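Below: entry22.cif (mmCIF, C-alpha atoms)
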```cif
data_model
#
loop_
_atom_site.group_PDB
_atom_site.id
_atom_site.type_symbol
_atom_site.label_atom_id
_atom_site.label_comp_id
_atom_site.auth_asym_id
_atom_site.auth_seq_id
_atom_site.Cartn_x
_atom_site.Cartn_y
_atom_site.Cartn_z
ATOM 1 C CA MET A 1 -48.670 6.607 43.641
ATOM 2 C CA LYS A 2 -46.659 9.542 42.331
ATOM 3 C CA PHE A 3 -43.622 8.086 44.048
ATOM 4 C CA LYS A 4 -44.138 4.658 42.423
ATOM 5 C CA ARG A 5 -44.535 6.173 38.973
ATOM 6 C CA SER A 6 -41.315 8.101 39.420
ATOM 7 C CA ILE A 7 -39.473 4.967 40.464
ATOM 8 C CA VAL A 8 -40.809 3.018 37.482
ATOM 9 C CA ALA A 9 -39.919 5.799 35.063
ATOM 10 C CA GLY A 10 -36.475 6.098 36.611
ATOM 11 C CA ALA A 11 -35.912 2.373 36.292
ATOM 12 C CA VAL A 12 -36.910 2.471 32.621
ATOM 13 C CA LEU A 13 -34.537 5.371 32.098
ATOM 14 C CA ALA A 14 -31.642 3.517 33.737
ATOM 15 C CA GLY A 15 -32.411 0.415 31.728
ATOM 16 C CA ALA A 16 -32.400 2.356 28.481
ATOM 17 C CA LEU A 17 -29.062 3.901 29.341
ATOM 18 C CA SER A 18 -27.636 0.475 30.102
ATOM 19 C CA VAL A 19 -28.910 -0.985 26.833
ATOM 20 C CA GLY A 20 -27.400 1.873 24.862
ATOM 21 C CA ALA A 21 -24.079 1.653 26.666
ATOM 22 C CA VAL A 22 -23.821 -2.113 26.214
ATOM 23 C CA ALA A 23 -24.841 -1.984 22.562
ATOM 24 C CA GLY A 24 -22.364 0.766 21.872
ATOM 25 C CA SER A 25 -19.414 -0.796 23.663
ATOM 26 C CA ALA A 26 -20.055 -4.281 22.307
ATOM 27 C CA TYR A 27 -19.531 -3.120 18.744
ATOM 28 C CA ALA A 28 -15.766 -2.620 18.818
ATOM 29 C CA GLN A 29 -14.132 -6.026 18.848
ATOM 30 C CA VAL A 30 -10.446 -6.456 19.504
ATOM 31 C CA PRO A 31 -9.079 -9.938 18.806
ATOM 32 C CA GLU A 32 -6.807 -11.674 21.229
ATOM 33 C CA LEU A 33 -3.250 -10.518 20.656
ATOM 34 C CA LEU A 34 -1.298 -13.392 19.128
ATOM 35 C CA ALA A 35 2.094 -12.759 17.576
ATOM 36 C CA PRO A 36 3.024 -14.079 14.142
ATOM 37 C CA TRP A 37 6.206 -16.112 14.239
ATOM 38 C CA GLY A 38 9.407 -14.072 14.037
ATOM 39 C CA VAL A 39 7.643 -10.870 15.027
ATOM 40 C CA SER A 40 7.764 -9.435 18.511
ATOM 41 C CA SER A 41 5.489 -6.911 20.158
ATOM 42 C CA ALA A 42 6.022 -4.140 22.644
ATOM 43 C CA SER A 43 3.196 -5.656 24.705
ATOM 44 C CA ASP A 44 2.784 -9.212 25.899
ATOM 45 C CA ALA A 45 1.647 -11.506 23.137
ATOM 46 C CA SER A 46 1.830 -15.262 22.965
ATOM 47 C CA ALA A 47 2.810 -16.862 19.683
ATOM 48 C CA MET A 48 0.050 -17.915 17.324
ATOM 49 C CA PRO A 49 -0.429 -21.678 17.523
ATOM 50 C CA ALA A 50 0.341 -23.843 14.495
ATOM 51 C CA PRO A 51 -2.951 -24.311 12.650
ATOM 52 C CA SER A 52 -4.582 -27.686 12.181
ATOM 53 C CA TYR A 53 -6.300 -27.797 8.806
ATOM 54 C CA GLU A 54 -8.770 -30.284 7.428
ATOM 55 C CA GLU A 55 -7.884 -32.310 4.337
ATOM 56 C CA ASN A 56 -9.920 -32.879 1.212
ATOM 57 C CA ALA A 57 -10.261 -36.170 -0.666
ATOM 58 C CA ASP A 58 -6.928 -35.576 -2.417
ATOM 59 C CA GLY A 59 -5.090 -35.005 0.856
ATOM 60 C CA LEU A 60 -4.734 -31.261 0.351
ATOM 61 C CA THR A 61 -5.167 -29.115 3.437
ATOM 62 C CA TYR A 62 -7.769 -26.384 3.245
ATOM 63 C CA GLY A 63 -8.868 -23.519 5.444
ATOM 64 C CA SER A 64 -8.351 -19.869 6.257
ATOM 65 C CA ALA A 65 -4.992 -18.165 5.760
ATOM 66 C CA LEU A 66 -6.036 -15.917 8.619
ATOM 67 C CA GLU A 67 -5.057 -18.737 11.003
ATOM 68 C CA ALA A 68 -1.522 -19.130 9.646
ATOM 69 C CA PRO A 69 1.308 -17.563 11.695
ATOM 70 C CA THR A 70 3.720 -17.684 8.726
ATOM 71 C CA PRO A 71 3.330 -17.870 4.942
ATOM 72 C CA ALA A 72 4.841 -21.351 4.991
ATOM 73 C CA LEU A 73 2.033 -22.598 7.246
ATOM 74 C CA GLU A 74 -0.826 -21.520 5.022
ATOM 75 C CA PRO A 75 -3.073 -24.367 3.806
ATOM 76 C CA ASP A 76 -2.741 -25.861 0.307
ATOM 77 C CA LEU A 77 -6.195 -24.518 -0.525
ATOM 78 C CA ILE A 78 -6.863 -21.053 0.872
ATOM 79 C CA GLU A 79 -10.451 -20.053 1.540
ATOM 80 C CA ALA A 80 -11.278 -17.078 -0.687
ATOM 81 C CA VAL A 81 -14.153 -15.062 -2.105
ATOM 82 C CA ALA A 82 -14.312 -14.898 -5.899
ATOM 83 C CA THR A 83 -15.081 -11.690 -7.744
ATOM 84 C CA ASN A 84 -18.616 -13.031 -8.294
ATOM 85 C CA GLY A 85 -19.062 -13.256 -4.535
ATOM 86 C CA LYS A 86 -18.921 -17.047 -4.364
ATOM 87 C CA LEU A 87 -16.939 -18.667 -1.576
ATOM 88 C CA GLY A 88 -14.336 -21.251 -2.558
ATOM 89 C CA TYR A 89 -10.635 -22.041 -2.439
ATOM 90 C CA ILE A 90 -7.544 -20.938 -4.315
ATOM 91 C CA LEU A 91 -4.382 -22.972 -4.565
ATOM 92 C CA LYS A 92 -1.568 -21.530 -2.472
ATOM 93 C CA THR A 93 0.809 -22.350 -5.323
ATOM 94 C CA ASP A 94 -1.321 -20.263 -7.728
ATOM 95 C CA LEU A 95 -1.526 -17.395 -5.280
ATOM 96 C CA ASP A 96 2.197 -17.381 -4.467
ATOM 97 C CA ALA A 97 3.029 -17.267 -8.166
ATOM 98 C CA ALA A 98 0.592 -14.414 -8.779
ATOM 99 C CA ASN A 99 1.267 -12.148 -5.796
ATOM 100 C CA GLY A 100 5.046 -12.067 -6.058
ATOM 101 C CA SER A 101 5.709 -14.397 -3.141
ATOM 102 C CA ASP A 102 7.548 -16.946 -5.286
ATOM 103 C CA ALA A 103 9.495 -14.172 -6.975
ATOM 104 C CA ALA A 104 10.549 -12.758 -3.578
ATOM 105 C CA GLU A 105 12.118 -16.112 -2.709
ATOM 106 C CA SER A 106 14.086 -16.147 -5.954
ATOM 107 C CA PHE A 107 15.726 -12.727 -5.793
ATOM 108 C CA SER A 108 19.440 -12.642 -5.082
ATOM 109 C CA SER A 109 19.562 -8.861 -4.654
ATOM 110 C CA PRO A 110 17.191 -5.961 -3.907
ATOM 111 C CA GLU A 111 17.962 -4.659 -7.398
ATOM 112 C CA GLU A 112 16.371 -7.800 -8.840
ATOM 113 C CA ALA A 113 13.261 -7.156 -6.761
ATOM 114 C CA LEU A 114 13.016 -3.582 -8.014
ATOM 115 C CA ALA A 115 13.506 -4.737 -11.600
ATOM 116 C CA TRP A 116 10.731 -7.313 -11.154
ATOM 117 C CA GLN A 117 8.491 -4.628 -9.676
ATOM 118 C CA ALA A 118 9.077 -2.388 -12.691
ATOM 119 C CA THR A 119 8.089 -5.076 -15.186
ATOM 120 C CA GLN A 120 5.658 -7.347 -13.326
ATOM 121 C CA GLY A 121 4.386 -5.413 -10.316
ATOM 122 C CA GLY A 122 1.848 -3.390 -12.282
ATOM 123 C CA LYS A 123 -0.005 -6.344 -13.760
ATOM 124 C CA THR A 124 -3.399 -7.571 -12.600
ATOM 125 C CA THR A 125 -3.476 -11.345 -12.455
ATOM 126 C CA THR A 126 -6.246 -13.840 -11.797
ATOM 127 C CA VAL A 127 -6.286 -17.274 -10.242
ATOM 128 C CA PRO A 128 -9.167 -19.750 -10.338
ATOM 129 C CA VAL A 129 -11.398 -20.266 -7.314
ATOM 130 C CA TYR A 130 -12.405 -23.905 -6.848
ATOM 131 C CA ASP A 131 -14.765 -25.853 -4.689
ATOM 132 C CA VAL A 132 -13.042 -27.714 -1.881
ATOM 133 C CA ASP A 133 -12.377 -30.819 -4.019
ATOM 134 C CA GLN A 134 -11.083 -28.803 -6.970
ATOM 135 C CA THR A 135 -13.683 -30.403 -9.230
ATOM 136 C CA THR A 136 -15.444 -27.163 -10.120
ATOM 137 C CA VAL A 137 -14.239 -23.644 -10.804
ATOM 138 C CA VAL A 138 -16.684 -21.343 -9.040
ATOM 139 C CA GLY A 139 -15.073 -18.050 -10.022
ATOM 140 C CA GLU A 140 -11.841 -16.132 -10.192
ATOM 141 C CA PHE A 141 -9.735 -14.214 -7.699
ATOM 142 C CA LEU A 142 -7.940 -10.987 -8.580
ATOM 143 C CA ILE A 143 -4.462 -9.984 -7.443
ATOM 144 C CA VAL A 144 -4.298 -6.294 -8.134
ATOM 145 C CA PRO A 145 -1.280 -4.020 -8.502
ATOM 146 C CA SER A 146 -0.689 -1.963 -5.408
ATOM 147 C CA VAL A 147 -0.184 1.779 -5.391
ATOM 148 C CA ALA A 148 2.697 1.908 -2.978
ATOM 149 C CA THR A 149 3.468 4.890 -0.816
ATOM 150 C CA SER A 150 7.179 4.897 -0.150
ATOM 151 C CA ARG A 151 8.715 7.734 1.820
ATOM 152 C CA MET B 1 -48.983 25.324 40.067
ATOM 153 C CA LYS B 2 -47.660 22.802 42.509
ATOM 154 C CA VAL B 3 -50.380 20.322 41.548
ATOM 155 C CA PHE B 4 -49.552 20.797 37.878
ATOM 156 C CA ASN B 5 -45.894 19.932 38.456
ATOM 157 C CA GLU B 6 -46.693 16.903 40.545
ATOM 158 C CA VAL B 7 -48.884 15.537 37.799
ATOM 159 C CA ARG B 8 -46.410 16.309 35.011
ATOM 160 C CA ALA B 9 -43.210 15.117 36.695
ATOM 161 C CA PRO B 10 -43.761 11.360 36.189
ATOM 162 C CA ARG B 11 -44.967 12.026 32.642
ATOM 163 C CA ARG B 12 -41.803 13.982 31.870
ATOM 164 C CA LEU B 13 -39.730 11.162 33.238
ATOM 165 C CA ALA B 14 -41.639 8.723 31.075
ATOM 166 C CA ILE B 15 -40.993 10.880 28.006
ATOM 167 C CA ALA B 16 -37.325 11.115 28.927
ATOM 168 C CA ALA B 17 -37.230 7.333 29.316
ATOM 169 C CA ALA B 18 -38.800 6.906 25.886
ATOM 170 C CA VAL B 19 -36.150 9.198 24.410
ATOM 171 C CA MET B 20 -33.387 7.198 26.065
ATOM 172 C CA VAL B 21 -34.893 3.953 24.779
ATOM 173 C CA ALA B 22 -34.746 5.477 21.309
ATOM 174 C CA VAL B 23 -31.130 6.480 21.916
ATOM 175 C CA GLY B 24 -30.277 2.972 23.067
ATOM 176 C CA PHE B 25 -32.070 1.502 20.058
ATOM 177 C CA GLY B 26 -30.199 3.832 17.764
ATOM 178 C CA ALA B 27 -26.862 2.699 19.180
ATOM 179 C CA THR B 28 -27.912 -0.866 18.479
ATOM 180 C CA VAL B 29 -29.088 -0.521 14.904
ATOM 181 C CA ALA B 30 -26.692 2.101 13.534
ATOM 182 C CA PRO B 31 -23.199 0.532 13.715
ATOM 183 C CA ALA B 32 -22.528 1.074 9.988
ATOM 184 C CA VAL B 33 -22.231 4.814 10.509
ATOM 185 C CA ALA B 34 -20.129 4.445 13.634
ATOM 186 C CA SER B 35 -17.833 1.887 12.017
ATOM 187 C CA ALA B 36 -16.330 4.154 9.350
ATOM 188 C CA GLY B 37 -12.732 4.984 10.087
ATOM 189 C CA THR B 38 -9.416 3.239 10.543
ATOM 190 C CA ALA B 39 -8.342 0.497 12.937
ATOM 191 C CA THR B 40 -4.727 -0.534 13.356
ATOM 192 C CA SER B 41 -3.109 -3.746 14.532
ATOM 193 C CA SER B 42 -0.475 -3.915 17.206
ATOM 194 C CA THR B 43 2.964 -3.032 15.931
ATOM 195 C CA GLY B 44 5.367 -5.897 15.328
ATOM 196 C CA TYR B 45 9.155 -5.673 15.369
ATOM 197 C CA TYR B 46 11.859 -7.747 13.705
ATOM 198 C CA THR B 47 15.460 -7.497 12.570
ATOM 199 C CA ASP B 48 16.846 -8.444 9.162
ATOM 200 C CA ASN B 49 20.490 -8.038 8.192
ATOM 201 C CA GLY B 50 21.180 -6.055 11.358
ATOM 202 C CA ARG B 51 18.497 -3.470 10.660
ATOM 203 C CA GLY B 52 15.384 -3.090 12.811
ATOM 204 C CA TYR B 53 11.936 -2.812 11.258
ATOM 205 C CA PHE B 54 8.347 -2.412 12.423
ATOM 206 C CA ASN B 55 5.216 -3.577 10.644
ATOM 207 C CA ARG B 56 1.478 -3.295 11.154
ATOM 208 C CA ALA B 57 -1.845 -3.831 9.402
ATOM 209 C CA GLU B 58 -4.553 -1.222 8.981
ATOM 210 C CA ILE B 59 -8.201 -1.564 8.004
ATOM 211 C CA SER B 60 -10.075 1.522 6.793
ATOM 212 C CA THR B 61 -13.769 1.422 5.996
ATOM 213 C CA SER B 62 -16.515 3.669 4.749
ATOM 214 C CA VAL B 63 -20.013 2.711 3.662
ATOM 215 C CA GLY B 64 -19.653 -0.095 1.105
ATOM 216 C CA ARG B 65 -15.850 0.055 0.882
ATOM 217 C CA ALA B 66 -12.924 -1.503 2.758
ATOM 218 C CA ILE B 67 -9.193 -0.846 2.390
ATOM 219 C CA ALA B 68 -6.563 -3.097 3.949
ATOM 220 C CA SER B 69 -3.025 -1.776 4.186
ATOM 221 C CA SER B 70 0.315 -3.262 5.148
ATOM 222 C CA ILE B 71 2.885 -0.868 6.529
ATOM 223 C CA VAL B 72 6.575 -1.532 7.108
ATOM 224 C CA GLY B 73 9.231 0.923 8.206
ATOM 225 C CA THR B 74 12.641 1.239 9.765
ATOM 226 C CA SER B 75 12.586 1.246 13.559
ATOM 227 C CA ASN B 76 15.003 4.168 13.793
ATOM 228 C CA GLY B 77 13.211 6.263 11.160
ATOM 229 C CA GLN B 78 16.266 6.425 8.920
ATOM 230 C CA GLY B 79 16.160 5.594 5.235
ATOM 231 C CA ALA B 80 17.072 2.137 3.973
ATOM 232 C CA PRO B 81 18.656 1.231 0.633
ATOM 233 C CA GLY B 82 16.218 0.713 -2.237
ATOM 234 C CA GLY B 83 14.359 -2.586 -2.190
ATOM 235 C CA TRP B 84 15.270 -3.487 1.379
ATOM 236 C CA MET B 85 11.619 -3.398 2.466
ATOM 237 C CA GLY B 86 8.646 -5.035 0.770
ATOM 238 C CA ALA B 87 4.969 -5.506 1.581
ATOM 239 C CA ARG B 88 1.732 -7.031 0.410
ATOM 240 C CA ALA B 89 -1.776 -6.185 1.653
ATOM 241 C CA ARG B 90 -4.471 -8.759 2.341
ATOM 242 C CA LEU B 91 -8.128 -8.154 3.098
ATOM 243 C CA PHE B 92 -10.062 -10.883 4.930
ATOM 244 C CA SER B 93 -13.744 -11.196 5.678
ATOM 245 C CA SER B 94 -14.875 -11.843 9.218
ATOM 246 C CA ASN B 95 -15.286 -15.580 8.494
ATOM 247 C CA GLY B 96 -11.607 -15.817 7.536
ATOM 248 C CA ALA B 97 -11.909 -15.882 3.750
ATOM 249 C CA LEU B 98 -9.361 -13.975 1.690
ATOM 250 C CA VAL B 99 -11.269 -11.325 -0.200
ATOM 251 C CA GLN B 100 -8.615 -9.177 -1.851
ATOM 252 C CA GLU B 101 -4.839 -9.217 -2.133
ATOM 253 C CA SER B 102 -2.268 -6.890 -3.656
ATOM 254 C CA SER B 103 0.886 -7.823 -5.458
ATOM 255 C CA THR B 104 4.160 -7.344 -3.609
ATOM 256 C CA SER B 105 5.866 -3.954 -3.755
ATOM 257 C CA TYR B 106 9.309 -2.821 -2.630
ATOM 258 C CA SER B 107 10.616 0.397 -1.153
ATOM 259 C CA GLY B 108 12.441 3.068 -3.115
ATOM 260 C CA ALA B 109 15.905 4.377 -2.334
ATOM 261 C CA ASN B 110 16.336 5.883 1.137
ATOM 262 C CA ALA B 111 12.731 5.177 2.096
ATOM 263 C CA TYR B 112 12.002 4.798 5.793
ATOM 264 C CA GLN B 113 8.422 3.557 5.366
ATOM 265 C CA LEU B 114 6.367 1.667 2.794
ATOM 266 C CA SER B 115 2.573 1.438 2.753
ATOM 267 C CA ILE B 116 0.675 -0.931 0.456
ATOM 268 C CA PRO B 117 -3.145 -0.854 0.186
ATOM 269 C CA THR B 118 -5.712 -3.119 -1.412
ATOM 270 C CA SER B 119 -9.427 -2.405 -1.509
ATOM 271 C CA ARG B 120 -12.828 -3.908 -2.223
ATOM 272 C CA ASN B 121 -16.160 -2.200 -2.756
ATOM 273 C CA ALA B 122 -18.501 -4.242 -0.586
ATOM 274 C CA GLY B 123 -20.271 -4.156 2.715
ATOM 275 C CA GLY B 124 -19.251 -6.505 5.489
ATOM 276 C CA THR B 125 -16.915 -7.013 8.411
ATOM 277 C CA TRP B 126 -13.217 -7.060 7.622
ATOM 278 C CA TYR B 127 -9.728 -7.808 8.875
ATOM 279 C CA SER B 128 -6.383 -6.691 7.528
ATOM 280 C CA TYR B 129 -3.514 -9.170 7.929
ATOM 281 C CA GLY B 130 -0.485 -8.257 5.867
ATOM 282 C CA VAL B 131 2.888 -9.583 4.821
ATOM 283 C CA THR B 132 6.092 -7.564 4.870
ATOM 284 C CA TYR B 133 9.593 -8.383 3.694
ATOM 285 C CA GLY B 134 13.103 -7.520 4.804
ATOM 286 C CA TRP B 135 16.316 -8.020 2.866
ATOM 287 C CA ASN B 136 18.532 -10.356 4.910
ATOM 288 C CA GLY B 137 21.724 -10.003 2.898
ATOM 289 C CA SER B 138 21.168 -12.938 0.590
ATOM 290 C CA GLY B 139 17.400 -13.092 0.173
ATOM 291 C CA TYR B 140 14.108 -11.861 1.610
ATOM 292 C CA ASN B 141 12.548 -12.850 4.908
ATOM 293 C CA ALA B 142 8.743 -12.746 4.987
ATOM 294 C CA HIS B 143 7.032 -11.510 8.153
ATOM 295 C CA TYR B 144 3.348 -11.414 8.919
ATOM 296 C CA THR B 145 1.901 -8.370 10.622
ATOM 297 C CA PHE B 146 -0.387 -8.690 13.589
ATOM 298 C CA GLN B 147 -4.040 -8.976 12.605
ATOM 299 C CA SER B 148 -6.008 -5.745 12.715
ATOM 300 C CA PRO B 149 -9.212 -5.463 14.739
ATOM 301 C CA ASN B 150 -12.281 -6.139 12.629
ATOM 302 C CA GLN B 151 -14.294 -3.284 11.259
ATOM 303 C CA ASN B 152 -17.578 -2.878 9.377
ATOM 304 C CA SER B 153 -18.215 -1.177 6.063
#
```
Please re-express this file's structure in structure tokens.
Amino acid sequence: MKFKRSIVAGAVLAGALSVGAVAGSAYAQVPELLAPWGVSSASDASAMPAPSYEENADGLTYGSALEAPTPALEPDLIEAVATNGKLGYILKTDLDAANGSDAAESFSSPEEALAWQATQGGKTTTVPVYDVDQTTVVGEFLIVPSVATSR
Amino acid sequence: MKVFNEVRAPRRLAIAAAVMVAVGFGATVAPAVASAGTATSSTGYYTDNGRGYFNRAEISTSVGRAIASSIVGTSNGQGAPGGWMGARARLFSSNGALVQESSTSYSGANAYQLSIPTSRNAGGTWYSYGVTYGWNGSGYNAHYTFQSPNQNS
């Protein structure tokens, strides 16, 4: 009887240890390593596949920019969370104009980029967040100035 | 004395088992505390205008706050002319929605590394997936970083 109790208690103990170990190790999640286009890695990484987005009634693609391997392959409507917490979509064209992406494509020298940064880089800008059909504005999205650390 | 020990031994084991169950339960329900810290993506490499660069994304979290950073630097650790590197940080939620984004910033003269953060005060699970730029001699090339691991706040 004593022997059986010890075995049962030991089994419970081992089970508890297993549960704790599994719960602890399952928490850290590392995504599969997929390389953005034009970027190589020291370790093996296959290239991110070209995304396949859904289209809304107007023929605009929509989805997550997290799936895009290059800026050019982001959807027309990028899934985003508004400052009010509502989920919706922002136009890539609005975002590119607000975050300096369009400006980066227009510069003909690094000096132009630094001049733009001095005059425009410190401004907070907003873009509207729509529903998927762009019929309703559900909120706004902020593009905030960055405090760069350059060394 | 021997009888006492024989009676108590299984009970002690049962108590120890109960403690370990509590420990296991604690590991299950307390990830928010364990999640604070910084996680970094794999490092990517590219060449623009004959100069080698690295980039990566970082996600730093504490309770109720997440900071995504994009980092770009010269591969050889030597300074680059002003404006030759640029970066923009992007914070994504675990379902893939863009939650916060910075404007684009460029490196100062002779900088060998540029780090750009953007933050949001909220709880959740987050990714950092940034954009960096390199001057190619006539314009800028945009390069995505690798995606960071996800992390809770």
Query raised in the report: Any idea what's packed within 10 Å of region 87-91 of chain B, counting only C-alpha atoms, ignoring anything in its chain fewer than 2 positions away? Could you give it as JSON, numbers by chain?
Result: {"A": [66, 99, 100, 101, 143, 145, 146, 148], "B": [55, 57, 58, 59, 66, 67, 68, 69, 70, 71, 72, 85, 93, 94, 96, 97, 98, 99, 100, 101, 102, 103, 104, 105, 106, 107, 114, 115, 116, 117, 118, 119, 120, 126, 127, 128, 129, 130, 131, 132, 133, 134, 142, 143, 144, 145]}
Please work out which residues fall within 12 Å of (-19.7, -14.8, -2.5), coordinates as given in the file, with only C-alpha atoms counting, and return them as a CSV table (one decimal) with C-alpha atoms, in the coordinates of the input.
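Result file follows (part_4.csv):
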```csv
chain,number,residue,atom,x,y,z
A,79,GLU,CA,-10.5,-20.1,1.5
A,80,ALA,CA,-11.3,-17.1,-0.7
A,81,VAL,CA,-14.2,-15.1,-2.1
A,82,ALA,CA,-14.3,-14.9,-5.9
A,83,THR,CA,-15.1,-11.7,-7.7
A,84,ASN,CA,-18.6,-13.0,-8.3
A,85,GLY,CA,-19.1,-13.3,-4.5
A,86,LYS,CA,-18.9,-17.0,-4.4
A,87,LEU,CA,-16.9,-18.7,-1.6
A,88,GLY,CA,-14.3,-21.3,-2.6
A,89,TYR,CA,-10.6,-22.0,-2.4
A,129,VAL,CA,-11.4,-20.3,-7.3
A,138,VAL,CA,-16.7,-21.3,-9.0
A,139,GLY,CA,-15.1,-18.0,-10.0
A,140,GLU,CA,-11.8,-16.1,-10.2
A,141,PHE,CA,-9.7,-14.2,-7.7
B,93,SER,CA,-13.7,-11.2,5.7
B,95,ASN,CA,-15.3,-15.6,8.5
B,97,ALA,CA,-11.9,-15.9,3.8
B,98,LEU,CA,-9.4,-14.0,1.7
B,99,VAL,CA,-11.3,-11.3,-0.2
B,122,ALA,CA,-18.5,-4.2,-0.6
B,123,GLY,CA,-20.3,-4.2,2.7
B,124,GLY,CA,-19.3,-6.5,5.5
```
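If you count all atoms listed in the file and draw a sphere of 12 Å around (-13.1, -29.8, -6.2), the protein and nucleic acid residues inside it come out as A:Asn56, A:Ala57, A:Asp58, A:Gly59, A:Leu60, A:Tyr62, A:Leu77, A:Gly88, A:Tyr89, A:Ile90, A:Leu91, A:Pro128, A:Val129, A:Tyr130, A:Asp131, A:Val132, A:Asp133, A:Gln134, A:Thr135, A:Thr136, A:Val137, A:Val138.
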Residue subset to file, keeping C-alpha atoms, as a PDB file, keeping the file's coordinate frame:
```pdb
ATOM      1  CA  ASN A  56      -9.920 -32.879   1.212  1.00  0.00           C
ATOM      2  CA  ALA A  57     -10.261 -36.170  -0.666  1.00  0.00           C
ATOM      3  CA  ASP A  58      -6.928 -35.576  -2.417  1.00  0.00           C
ATOM      4  CA  GLY A  59      -5.090 -35.005   0.856  1.00  0.00           C
ATOM      5  CA  LEU A  60      -4.734 -31.261   0.351  1.00  0.00           C
ATOM      6  CA  TYR A  62      -7.769 -26.384   3.245  1.00  0.00           C
ATOM      7  CA  LEU A  77      -6.195 -24.518  -0.525  1.00  0.00           C
ATOM      8  CA  GLY A  88     -14.336 -21.251  -2.558  1.00  0.00           C
ATOM      9  CA  TYR A  89     -10.635 -22.041  -2.439  1.00  0.00           C
ATOM     10  CA  ILE A  90      -7.544 -20.938  -4.315  1.00  0.00           C
ATOM     11  CA  LEU A  91      -4.382 -22.972  -4.565  1.00  0.00           C
ATOM     12  CA  PRO A 128      -9.167 -19.750 -10.338  1.00  0.00           C
ATOM     13  CA  VAL A 129     -11.398 -20.266  -7.314  1.00  0.00           C
ATOM     14  CA  TYR A 130     -12.405 -23.905  -6.848  1.00  0.00           C
ATOM     15  CA  ASP A 131     -14.765 -25.853  -4.689  1.00  0.00           C
ATOM     16  CA  VAL A 132     -13.042 -27.714  -1.881  1.00  0.00           C
ATOM     17  CA  ASP A 133     -12.377 -30.819  -4.019  1.00  0.00           C
ATOM     18  CA  GLN A 134     -11.083 -28.803  -6.970  1.00  0.00           C
ATOM     19  CA  THR A 135     -13.683 -30.403  -9.230  1.00  0.00           C
ATOM     20  CA  THR A 136     -15.444 -27.163 -10.120  1.00  0.00           C
ATOM     21  CA  VAL A 137     -14.239 -23.644 -10.804  1.00  0.00           C
ATOM     22  CA  VAL A 138     -16.684 -21.343  -9.040  1.00  0.00           C
TER      23      VAL A 138
END
```
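Take the candidates B:Asn136, B:Gln147, B:Ser60, B:Asn49 and check each one against Gly37 (chain B) using only C-alpha atoms; the shortest distance goes to B:Ser60.
For the atom pair formed by CA of Tyr53 (chain B) and CA of Gly83 (chain B), the distance is 13.7 Å, given to one decimal.
Going from CA of Ser62 (chain B) to CA of Asn121 (chain B) covers 9.5 Å.
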Query raised in the report: If we count all atoms listed in the file, what is near Ala36 (chain B) at a cut-off of 10 Å, once residues fewer than 4 positions away on the same chain are taken out, given as an MDAnalysis selection string?
Result: chainID B and resid 31:32 60:66 151:153
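Shortest atom-to-atom contact with chain B among A:Ser52, A:Glu74, A:Ser109, A:Thr126: A:Ser109, counting only C-alpha atoms.
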Report task. Decode the PyMOL selection byres ((chain B and resi 81) around 9) for the given file into explicit residues and return them as a list in words. Result -> Pro110 of chain A; Gly79, Ala80, Gly82, Gly83, Trp84, Met85, Ser107, Gly108, Ala109, Asn110 and Ala111 of chain B
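Each of A:Thr61, A:Thr70, A:Ala47, A:Asp102 was compared to chain B using only C-alpha atoms, and A:Thr70 turns out to be the nearest.
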Report summary line: If you count all atoms listed in the file, the residue of A:Leu114, A:Leu95, A:Ala45, A:Leu73 closest to chain B turns out to be A:Leu114
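In this comparison, which uses all atoms listed in the file, the residue of B:Thr125, B:Ser138, B:Asn76, B:Thr40 approaching chain A most closely is B:Ser138.
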